[in-house]
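A.B. asks: Have a look at the structure that comes next, please.
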Amino acid sequence: MALKPEPTAPFLSVQYALRVLETVSGHGSGVTDTQISRETGVPVGHLTSLLLTLRREGYVEQITDGAYVIGSSLLLLGSGAARRQALEARLQQSLAQLRDSVGAAVYISRYVDGEIRVTQYADGPRTPAVNEWVDFRSSAHASAVGKCLLAQLDQNGRRDHLSRHKTARLTSRTITNEKVLFSKLDSQPATVPVLNLQEYAVGTVCAAVPLTAGSSAGCLALSLPIEDAHRLRAAADTLNRRAAPVLLSLAL
């Protein structure tokens, strides 16, 4: 299975962020934004907002002379099992903050060994998770999560998936024709959220944005009850803008 070589805006931001973190960690006594820009090649205009995000997430800190040093969040990651647990906890915290920001349940999903897996999610009393009435692994053609992941695969990868998981009609809006589905996937801009209006379940709308790190397809998604459908596009745009910190947690 191969991924389509089409990096998204969040992915490019994370590439820049990793360069910045590598540079900051190499200067134990601190490094200025001008020097960071010179050593990483990240434009100063982009670096300003990137450093603000990294400070907000606790990955870097600014000391009294204005220089940047590695922050507490990165120091706490450690190594081995402790590192993995710290990353999961940090990611869960980011998801909870994102849930509150968009006012919807949010999910991280990965495409692993030919299957869709929701690896972490954050919901709440006012932001209930979608009712998984059909296994997400069997409904890629009908969900925003599934279509976002399939869009990141090449044609052979998609065909392989659908050969194992048939395109069953789940609602009157579900796309079951493979040719139509592939056409929609190919016309989906990589930088625009995938929207889904009751194709998976009556009464639920959802959106997803790609989180491609390395050779693994992933996505960040949200779901809303149909009575909040008027908020879907705005919530999806917020999700897209806030994807970079989540992807950074996955990339570290």
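By order in the structure tokens, chains are A, B, ...; within a chain, residues start at 1; ligands start at 1, following the order shown.
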Quick one: residues within 9 Å of range 22-33 of chain A, only C-alpha atoms counted, chain neighbours fewer than 4 positions away excluded, as a list in words?
C.D. replies: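 Those residues are Ala17, Leu18, Ser37, Arg38, Glu39, Thr40, Val44, Leu47, Thr48, Leu51, Val60, Gln62, Ile63, Asp65, Gly66, Ala67, Tyr68, Val69 and Ile70 of chain A.
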A.B. asks: For C-alpha atoms, I'd like the residues from the last selection saved as a compact mmCIF listing (two decimals), in the first residue's frame.
C.D. replies:
```txt
# COMPACT_ATOMS: atom_id res chain seq x y z
CA ALA A 17 8.34 22.47 13.80
CA LEU A 18 10.63 19.45 13.98
CA SER A 37 15.30 31.05 10.98
CA ARG A 38 18.84 31.11 9.60
CA GLU A 39 19.64 27.54 10.69
CA THR A 40 16.31 25.96 9.72
CA VAL A 44 10.63 34.58 9.79
CA LEU A 47 8.38 31.14 12.33
CA THR A 48 6.61 33.72 14.50
CA LEU A 51 7.00 29.54 17.87
CA VAL A 60 9.66 25.57 23.85
CA GLN A 62 11.20 31.94 26.00
CA ILE A 63 13.74 33.10 28.59
CA ASP A 65 16.61 37.75 26.98
CA GLY A 66 14.05 36.63 24.41
CA ALA A 67 15.92 33.49 23.38
CA TYR A 68 14.19 30.11 23.14
CA VAL A 69 14.98 26.91 25.04
CA ILE A 70 13.37 23.46 25.13
```
A.B. asks: Do you know which residues are at most 7 Å from Tyr107 in chain A counting only C-alpha atoms, after dropping those on the same chain fewer than 3 positions away, and could you put them as a list in words?
C.D. replies: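 Residues near the query, excluding close chain neighbours: Val118, Gln120, Tyr121, Ala122, Leu220, Ala221 and Leu222 of chain A.
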A.B. asks: Include N, CA and C atoms and write out the residues we just selected as a short mmCIF file (atom, residue, chain, number, x, y, z; two decimals), in the first residue's frame.
C.D. replies:
```
data_model
loop_
_atom_site.label_atom_id
_atom_site.label_comp_id
_atom_site.auth_asym_id
_atom_site.auth_seq_id
_atom_site.Cartn_x
_atom_site.Cartn_y
_atom_site.Cartn_z
N VAL A 118 -9.51 3.73 15.07
CA VAL A 118 -9.64 4.94 15.87
C VAL A 118 -8.76 4.73 17.10
N GLN A 120 -7.46 7.19 19.38
CA GLN A 120 -7.80 8.00 20.54
C GLN A 120 -8.96 8.91 20.19
N TYR A 121 -9.75 9.27 21.20
CA TYR A 121 -10.84 10.22 20.97
C TYR A 121 -11.15 10.96 22.26
N ALA A 122 -11.85 12.07 22.12
CA ALA A 122 -12.28 12.85 23.28
C ALA A 122 -13.73 13.26 23.07
N LEU A 220 -7.66 13.43 11.56
CA LEU A 220 -8.27 14.03 12.74
C LEU A 220 -9.70 14.34 12.35
N ALA A 221 -10.67 13.93 13.15
CA ALA A 221 -12.07 14.04 12.75
C ALA A 221 -12.93 14.56 13.89
N LEU A 222 -14.15 14.97 13.54
CA LEU A 222 -15.14 15.38 14.52
C LEU A 222 -16.51 14.89 14.08
#
```
A.B. asks: Return as a ChimeraX atom specification the full set of residues in range 27-243 of chain A whose backbone-based DSSP assignment is helix (DSSP H, G or I).
C.D. replies: /A:33-40,44-56,72-75,80-102,136-138,140-142,144-151,155-164,178-186,226-241,243
A.B. asks: Taking the backbone alone, and naming residues the way the document does, which bits of range 9-113 of chain A are strand (DSSP E or B) by DSSP, as an MDAnalysis selection string?
C.D. replies: chainID A and resid 31 60:62 68:70 105:112
A.B. asks: Write the selection just made, keeping C-alpha atoms, as a short mmCIF file (atom, residue, chain, number, x, y, z; two decimals), in the first residue's frame?
C.D. replies:
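Result went into part.cif, see below:
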```
data_model
loop_
_atom_site.label_atom_id
_atom_site.label_comp_id
_atom_site.auth_asym_id
_atom_site.auth_seq_id
_atom_site.Cartn_x
_atom_site.Cartn_y
_atom_site.Cartn_z
CA VAL A 31 18.74 30.64 20.63
CA VAL A 60 9.66 25.57 23.85
CA GLU A 61 9.99 28.37 26.38
CA GLN A 62 11.20 31.94 26.00
CA TYR A 68 14.19 30.11 23.14
CA VAL A 69 14.98 26.91 25.04
CA ILE A 70 13.37 23.46 25.13
CA ALA A 105 -16.37 14.94 19.81
CA VAL A 106 -12.96 14.55 18.12
CA TYR A 107 -11.09 11.45 16.99
CA ILE A 108 -7.67 10.37 15.75
CA SER A 109 -7.71 7.51 13.28
CA ARG A 110 -4.88 5.68 11.52
CA TYR A 111 -4.74 3.27 8.59
CA VAL A 112 -2.70 0.36 9.96
#
```
A.B. asks: Between CA of Gln85 in chain A and CA of Thr119 in chain A, measure the distance and give it in Å to one decimal.
C.D. replies: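 Separation of CA of Gln85 in chain A and CA of Thr119 in chain A: 13.7 Å.
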A.B. asks: Would you compute the distance between CA of Arg173 in chain A and CA of Ala201 in chain A? Give it in Å to one decimal.
C.D. replies: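 Between these atoms lies a distance of 9.3 Å.
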A.B. asks: Extract, using only C-alpha atoms, all DNA, RNA and protein residues at most 10 Å from Ala234 in chain A, discarding same-chain residues fewer than 5 positions from it, and format them as a PDB file with N, CA, C and O atoms, in the first residue's frame.
C.D. replies:
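This is the output file around_36.pdb:
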```pdb
ATOM      1  N   VAL A 102     -13.907  23.211  19.398  1.00  0.00           N
ATOM      2  CA  VAL A 102     -14.837  23.043  18.266  1.00  0.00           C
ATOM      3  C   VAL A 102     -16.239  22.677  18.720  1.00  0.00           C
ATOM      4  O   VAL A 102     -17.182  22.710  17.927  1.00  0.00           O
ATOM      5  N   LEU A 239     -10.930  22.710  13.087  1.00  0.00           N
ATOM      6  CA  LEU A 239     -10.209  21.439  13.178  1.00  0.00           C
ATOM      7  C   LEU A 239      -8.978  21.453  12.283  1.00  0.00           C
ATOM      8  O   LEU A 239      -7.895  21.025  12.685  1.00  0.00           O
ATOM      9  N   ASN A 240      -9.128  21.951  11.089  1.00  0.00           N
ATOM     10  CA  ASN A 240      -8.035  22.005  10.118  1.00  0.00           C
ATOM     11  C   ASN A 240      -6.921  22.927  10.611  1.00  0.00           C
ATOM     12  O   ASN A 240      -5.721  22.585  10.513  1.00  0.00           O
TER      13      ASN A 240
END
```
A.B. asks: Expressed in Å to a single decimal, how great is the separation between CA of Gly103 in chain A and CA of Thr204 in chain A?
C.D. replies: 14.4 Å
A.B. asks: Neighbours of Ser138 in chain A within 8 Å (only C-alpha atoms; same-chain residues fewer than 2 positions away dropped), as an NGL selection string?
C.D. replies: :A and (134-136 or 140 or 165-166)
A.B. asks: Neighbouring residues of Ala104 in chain A were defined as those with any atom within 12 Å, considering only C-alpha atoms; residues of the same chain fewer than 3 positions away were excluded. Please report them as JSON, numbers by chain.
C.D. replies: {"A": [95, 96, 97, 98, 99, 100, 101, 107, 121, 122, 123, 124, 125, 126, 127, 128, 129, 130, 204, 205, 206, 207, 221, 222, 223, 224, 225, 226, 228, 229, 231, 232, 234, 235, 236, 238, 239]}
